[in-house]
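**Q** Sharing a structure here in structure tokens format.
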Amino acid sequence: MGGYSSSLFNRESMMINVDGLKSFTAGVGEMVAEAIADADISGDNFGDAVLYAARDTKASSENDVESIDAMLHRTAFGGRSVGNELFISEYSRSARSVEDVQAFYKENLSGNKVVFSGVNVDHKTLVEAVAEQASAIPATSTATVEKAAYVGGEALDVKSGAEYVGIGFQGSSWTDKDFFASCVALTLLGGGESFSSGGPGKGVHSDLYTQILGRKPWALSAMAIASSFQDSGMFAVMGSALPGYANDMAKSLVERLQALGTGATDEQVARAKAMTASNYAMNLENNSIQSEEIARQSLVFGGALTNSEVLASFEKVSTADVRNFLKKVLKSNPSVVGRANRSVDLPTFEQITRML
């Protein structure tokens, strides 16, 4: 069949992807549908999966940026729903059995939660390819899904090395009217690292890069991140600094959010809009990403937006829209997380709240 297969997951969904030659569409479609309808969760496969999960958990725990991102989500959503751990702990792995995973499949993978999407394949051909195996998938699910509710809070950790700070706020869900403004605001803030092999990192004209990384000798990284879910979202800034400068980093990050909330210029927003649209269009060259977008939008909206509709939505975002979005997020309860050599070097929830 050619190509490759993969399974992916995030805080809200799972995806099975197979990329193959067009002449093998029938076989590819059958393979994907069978993986959902009749997954082989046997003892040997389960044992291998546990080993892979342990590897992924270890790699994530050793990545400081991923660790701070996990702390932000856990704090922002109170450790529930999309705030649950993305990678399972050693205890959780040892406490799970083949029967647990089989029960999860049975309870959660149902017709009303599954979308088959394809790229470079017509609708009739895709339906014929998955129909036989998909007919075995239960029509409805017995599982209840807890809605994502943003709450905010604080989580601080003591660890030697560079100091990390993350400050999150309530962001946009997939269906919020300011979703596209949040995408442009994310690009406007941008950021990166003070140095990357091969030269400066991406986004060298973004606000966090020019105003923090380009001006603060103690700054090691500064970036904006955003997570949108069906019920809620998180918009955050995070950065790392030399030991003793975590509070300075936190203050600088908040100041940039405030400055853009009141003074983002037309030129800055126009550049951010063009870059956001360019990044979106570039992602369309990846069949896997495009297929995931079609499936996700179909689950959320009941159908996928055309590329022209998405690009037009970015273009409609005004400078006022971006400013108002940033003002709005700063009014929400902050999620304050950090890691430093000493706890006294980290900004607290109360300190960040006073800055706002």
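Letters A, B, ... mark the chains of the structure tokens in the order given; residue numbers begin at 1 per chain; ligand numbers begin at 1, in order shown.
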Can you list, as a list in words, every protein, DNA or RNA residue that comes within 7 Å of region 104-117 of chain A when you count only C-alpha atoms, leaving out same-chain residues fewer than 5 positions away?
**A**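 Contacts, with the query itself left out: Ile137, Pro138, Ala139, Thr140, Ser141, Thr142, Ala143, Ser291, Ile294 and Ala295 of chain A.
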**Q** Restricted to C-alpha atoms, what would the selected residues look like written as a tab-separated table (two decimals), in the first residue's frame?
**A**
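The new file selection-v7.tsv reads:
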chain	number	residue	atom	x	y	z
A	137	ILE	CA	-19.12	0.19	15.50
A	138	PRO	CA	-21.86	0.82	18.12
A	139	ALA	CA	-24.17	3.67	17.13
A	140	THR	CA	-24.05	5.47	20.47
A	141	SER	CA	-21.78	5.65	23.49
A	142	THR	CA	-22.51	4.77	27.11
A	143	ALA	CA	-19.78	7.06	28.42
A	291	SER	CA	-7.42	15.06	7.33
A	294	ILE	CA	-11.66	17.88	8.45
A	295	ALA	CA	-12.48	15.29	11.12
**Q** Give me, as a VMD selection string, all polymer residues having an atom no more than 7 Å from region 56-69 of chain A, counting only C-alpha atoms and skipping those fewer than 2 positions away in the same chain.
**A** chain A and resid 52 to 54 71 to 73 87 to 88 166
**Q** Quick one: residues within 6 Å of Glu163 (chain A), only C-alpha atoms, excluding same-chain residues fewer than 5 positions away - as a ChimeraX atom specification?
**A** /A:240-241,243,246,339-340
**Q** Run DSSP on the backbone of this structure and report the residues of region 146-227 of chain A it assigns to alpha helix (DSSP H), as an mmCIF file with C-alpha atoms, in the first residue's frame.
**A**
data_model
loop_
_atom_site.group_PDB
_atom_site.id
_atom_site.type_symbol
_atom_site.label_atom_id
_atom_site.label_comp_id
_atom_site.auth_asym_id
_atom_site.auth_seq_id
_atom_site.Cartn_x
_atom_site.Cartn_y
_atom_site.Cartn_z
ATOM 1 C CA PHE A 179 -11.560 32.229 18.055
ATOM 2 C CA PHE A 180 -9.935 33.672 14.941
ATOM 3 C CA ALA A 181 -8.879 36.788 16.839
ATOM 4 C CA SER A 182 -7.173 34.499 19.375
ATOM 5 C CA CYS A 183 -5.233 32.818 16.550
ATOM 6 C CA VAL A 184 -3.974 36.178 15.310
ATOM 7 C CA ALA A 185 -3.128 37.291 18.870
ATOM 8 C CA LEU A 186 -1.115 34.092 19.328
ATOM 9 C CA THR A 187 0.937 34.830 16.207
ATOM 10 C CA LEU A 188 1.322 38.481 17.209
ATOM 11 C CA LEU A 189 2.876 37.503 20.533
ATOM 12 C CA ASP A 207 6.370 40.846 20.030
ATOM 13 C CA LEU A 208 7.818 38.497 22.653
#
**Q** Would you list, as a PyMOL selection string, the residues of region 222-355 of chain A that end up in strand (DSSP E or B) under DSSP run on this structure's backbone?
**A** chain A and resi 222-228+233-241+335-340
**Q** Hey, can you check how far CA of Lys177 (chain A) sits from CA of Ala320 (chain A)?
**A** 13.8 Å
**Q** Considering only C-alpha atoms, state which residue in the set A:Gly118, A:Gly244, A:Gly302, A:Gly83 is at the smallest distance from Phe229 (chain A).
**A**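 Under the stated criterion, the closest residue is A:Gly83.
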**Q** Distance table requested - region 139-249 of chain A against region 331-338 of chain A, cut-off 6 Å, only C-alpha atoms: one row per qualifying residue with the closest atom pair and its distance in Å to one decimal, ordered by chain and rising residue number, as JSON lines.
**A**
{"residue": "A:Gly152", "atom": "CA", "partner": "A:Ser335", "partner_atom": "CA", "distance": 4.3}
{"residue": "A:Gly153", "atom": "CA", "partner": "A:Ser335", "partner_atom": "CA", "distance": 4.7}
{"residue": "A:Glu154", "atom": "CA", "partner": "A:Val336", "partner_atom": "CA", "distance": 4.7}
{"residue": "A:Ala155", "atom": "CA", "partner": "A:Val337", "partner_atom": "CA", "distance": 4.7}
{"residue": "A:Leu156", "atom": "CA", "partner": "A:Gly338", "partner_atom": "CA", "distance": 4.9}
{"residue": "A:Tyr164", "atom": "CA", "partner": "A:Gly338", "partner_atom": "CA", "distance": 5.3}
{"residue": "A:Val165", "atom": "CA", "partner": "A:Gly338", "partner_atom": "CA", "distance": 4.3}
{"residue": "A:Gly166", "atom": "CA", "partner": "A:Val337", "partner_atom": "CA", "distance": 5.1}
{"residue": "A:Ile167", "atom": "CA", "partner": "A:Val336", "partner_atom": "CA", "distance": 4.8}
{"residue": "A:Gly168", "atom": "CA", "partner": "A:Ser335", "partner_atom": "CA", "distance": 4.7}
{"residue": "A:Phe169", "atom": "CA", "partner": "A:Pro334", "partner_atom": "CA", "distance": 5.1}
{"residue": "A:Gln170", "atom": "CA", "partner": "A:Ser332", "partner_atom": "CA", "distance": 6.0}
**Q** How would the residues just picked look written out with N, CA and C atoms as a PDB file, in the first residue's frame?
**A**
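Output contents, as saved in out11.pdb:
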ATOM      1  N   GLY A 152      -8.444  28.141  36.770  1.00  0.00           N
ATOM      2  CA  GLY A 152      -7.240  28.877  37.169  1.00  0.00           C
ATOM      3  C   GLY A 152      -6.723  28.436  38.519  1.00  0.00           C
ATOM      4  N   GLY A 153      -5.572  28.990  38.927  1.00  0.00           N
ATOM      5  CA  GLY A 153      -4.985  28.621  40.209  1.00  0.00           C
ATOM      6  C   GLY A 153      -3.469  28.736  40.169  1.00  0.00           C
ATOM      7  N   GLU A 154      -2.797  27.937  40.988  1.00  0.00           N
ATOM      8  CA  GLU A 154      -1.344  28.044  41.139  1.00  0.00           C
ATOM      9  C   GLU A 154      -0.709  26.681  41.320  1.00  0.00           C
ATOM     10  N   ALA A 155       0.464  26.492  40.722  1.00  0.00           N
ATOM     11  CA  ALA A 155       1.246  25.262  40.908  1.00  0.00           C
ATOM     12  C   ALA A 155       2.716  25.625  40.743  1.00  0.00           C
ATOM     13  N   LEU A 156       3.484  25.507  41.819  1.00  0.00           N
ATOM     14  CA  LEU A 156       4.895  25.879  41.798  1.00  0.00           C
ATOM     15  C   LEU A 156       5.757  24.682  42.163  1.00  0.00           C
ATOM     16  N   TYR A 164      11.528  28.509  34.991  1.00  0.00           N
ATOM     17  CA  TYR A 164      10.419  28.556  34.033  1.00  0.00           C
ATOM     18  C   TYR A 164       9.179  29.162  34.690  1.00  0.00           C
ATOM     19  N   VAL A 165       8.462  29.957  33.907  1.00  0.00           N
ATOM     20  CA  VAL A 165       7.228  30.571  34.381  1.00  0.00           C
ATOM     21  C   VAL A 165       6.165  30.421  33.300  1.00  0.00           C
ATOM     22  N   GLY A 166       4.952  30.095  33.701  1.00  0.00           N
ATOM     23  CA  GLY A 166       3.825  30.048  32.776  1.00  0.00           C
ATOM     24  C   GLY A 166       2.630  30.757  33.392  1.00  0.00           C
ATOM     25  N   ILE A 167       1.970  31.604  32.605  1.00  0.00           N
ATOM     26  CA  ILE A 167       0.799  32.344  33.088  1.00  0.00           C
ATOM     27  C   ILE A 167      -0.317  32.169  32.072  1.00  0.00           C
ATOM     28  N   GLY A 168      -1.376  31.498  32.491  1.00  0.00           N
ATOM     29  CA  GLY A 168      -2.482  31.206  31.588  1.00  0.00           C
ATOM     30  C   GLY A 168      -3.749  31.944  31.957  1.00  0.00           C
ATOM     31  N   PHE A 169      -4.641  32.060  30.978  1.00  0.00           N
ATOM     32  CA  PHE A 169      -5.930  32.718  31.157  1.00  0.00           C
ATOM     33  C   PHE A 169      -6.984  31.947  30.372  1.00  0.00           C
ATOM     34  N   GLN A 170      -8.231  32.243  30.637  1.00  0.00           N
ATOM     35  CA  GLN A 170      -9.298  31.580  29.887  1.00  0.00           C
ATOM     36  C   GLN A 170      -9.262  32.055  28.443  1.00  0.00           C
TER      37      GLN A 170
END
**Q** Find, counting only C-alpha atoms, the residue in A:Lys273, A:Arg256, A:Lys159, A:Arg354 that gets nearest to Leu311 (chain A).
**A** A:Lys273
**Q** With only C-alpha atoms as the counted atoms, please give the residues lying no more than 8 Å from Leu326 (chain A), apart from itself and same-chain residues fewer than 5 positions off, as number ranges by chain.
**A** A: 185, 257-258, 260-261
**Q** Can you pull out every residue within 6 Å of Phe77 (chain A), counting only C-alpha atoms, but drop anything in the same chain fewer than 2 positions away, and send it as a list in words?
**A** Arg74, Thr75, Gly79, Arg80, Gly83, Ala149, Tyr150 and Val151 of chain A
**Q** Store the residues picked out above, limited to N, CA and C atoms, as a PDB file, in the first residue's frame.
**A**
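Okay, out-v9.pdb is ready:
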ATOM      1  N   ARG A  74      -3.181  21.492  33.700  1.00  0.00           N
ATOM      2  CA  ARG A  74      -3.697  20.897  34.933  1.00  0.00           C
ATOM      3  C   ARG A  74      -4.247  21.971  35.870  1.00  0.00           C
ATOM      4  N   THR A  75      -3.524  23.081  35.977  1.00  0.00           N
ATOM      5  CA  THR A  75      -3.947  24.173  36.859  1.00  0.00           C
ATOM      6  C   THR A  75      -5.140  24.924  36.280  1.00  0.00           C
ATOM      7  N   GLY A  79      -7.305  20.032  36.994  1.00  0.00           N
ATOM      8  CA  GLY A  79      -6.974  18.616  36.945  1.00  0.00           C
ATOM      9  C   GLY A  79      -8.119  17.731  36.485  1.00  0.00           C
ATOM     10  N   ARG A  80      -9.135  18.304  35.867  1.00  0.00           N
ATOM     11  CA  ARG A  80     -10.294  17.547  35.401  1.00  0.00           C
ATOM     12  C   ARG A  80     -10.454  17.725  33.900  1.00  0.00           C
ATOM     13  N   GLY A  83      -7.857  18.903  31.674  1.00  0.00           N
ATOM     14  CA  GLY A  83      -6.781  19.182  32.611  1.00  0.00           C
ATOM     15  C   GLY A  83      -6.168  17.925  33.201  1.00  0.00           C
ATOM     16  N   ALA A 149     -14.003  23.011  31.997  1.00  0.00           N
ATOM     17  CA  ALA A 149     -14.343  24.246  32.700  1.00  0.00           C
ATOM     18  C   ALA A 149     -13.069  24.912  33.204  1.00  0.00           C
ATOM     19  N   TYR A 150     -12.792  26.113  32.743  1.00  0.00           N
ATOM     20  CA  TYR A 150     -11.593  26.826  33.165  1.00  0.00           C
ATOM     21  C   TYR A 150     -11.781  27.352  34.587  1.00  0.00           C
ATOM     22  N   VAL A 151     -10.761  27.154  35.448  1.00  0.00           N
ATOM     23  CA  VAL A 151     -10.854  27.627  36.828  1.00  0.00           C
ATOM     24  C   VAL A 151      -9.649  28.475  37.244  1.00  0.00           C
TER      25      VAL A 151
END
**Q** So, with only C-alpha atoms as the atoms that count, which of A:Ala162, A:Ala39, A:Ala49, A:Phe9 lies closest to Ala103 (chain A)?
**A**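 Smallest separation from Ala103 (chain A) among the options: A:Ala39.
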**Q** What is the distance, in Å and to one decimal place, between CA of Met275 (chain A) and CA of Gly191 (chain A)?
**A**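 These atoms are spaced 13.4 Å apart.
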**Q** Go through A:Asp38, A:Asp44, A:Asp100, A:Glu12 one by one, measure the shortest atom-to-atom distance of each to Gly233 (chain A) using only C-alpha atoms, and give the residue with the smallest value.
**A** A:Glu12
**Q** Name the closest residue to Ser42 (chain A) among the candidates A:Gly161, A:Gln290, A:Glu99, A:Met355; distances are taken between atoms, counting only C-alpha atoms.
**A**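 Of all the options, A:Glu99 lies closest to Ser42 (chain A).
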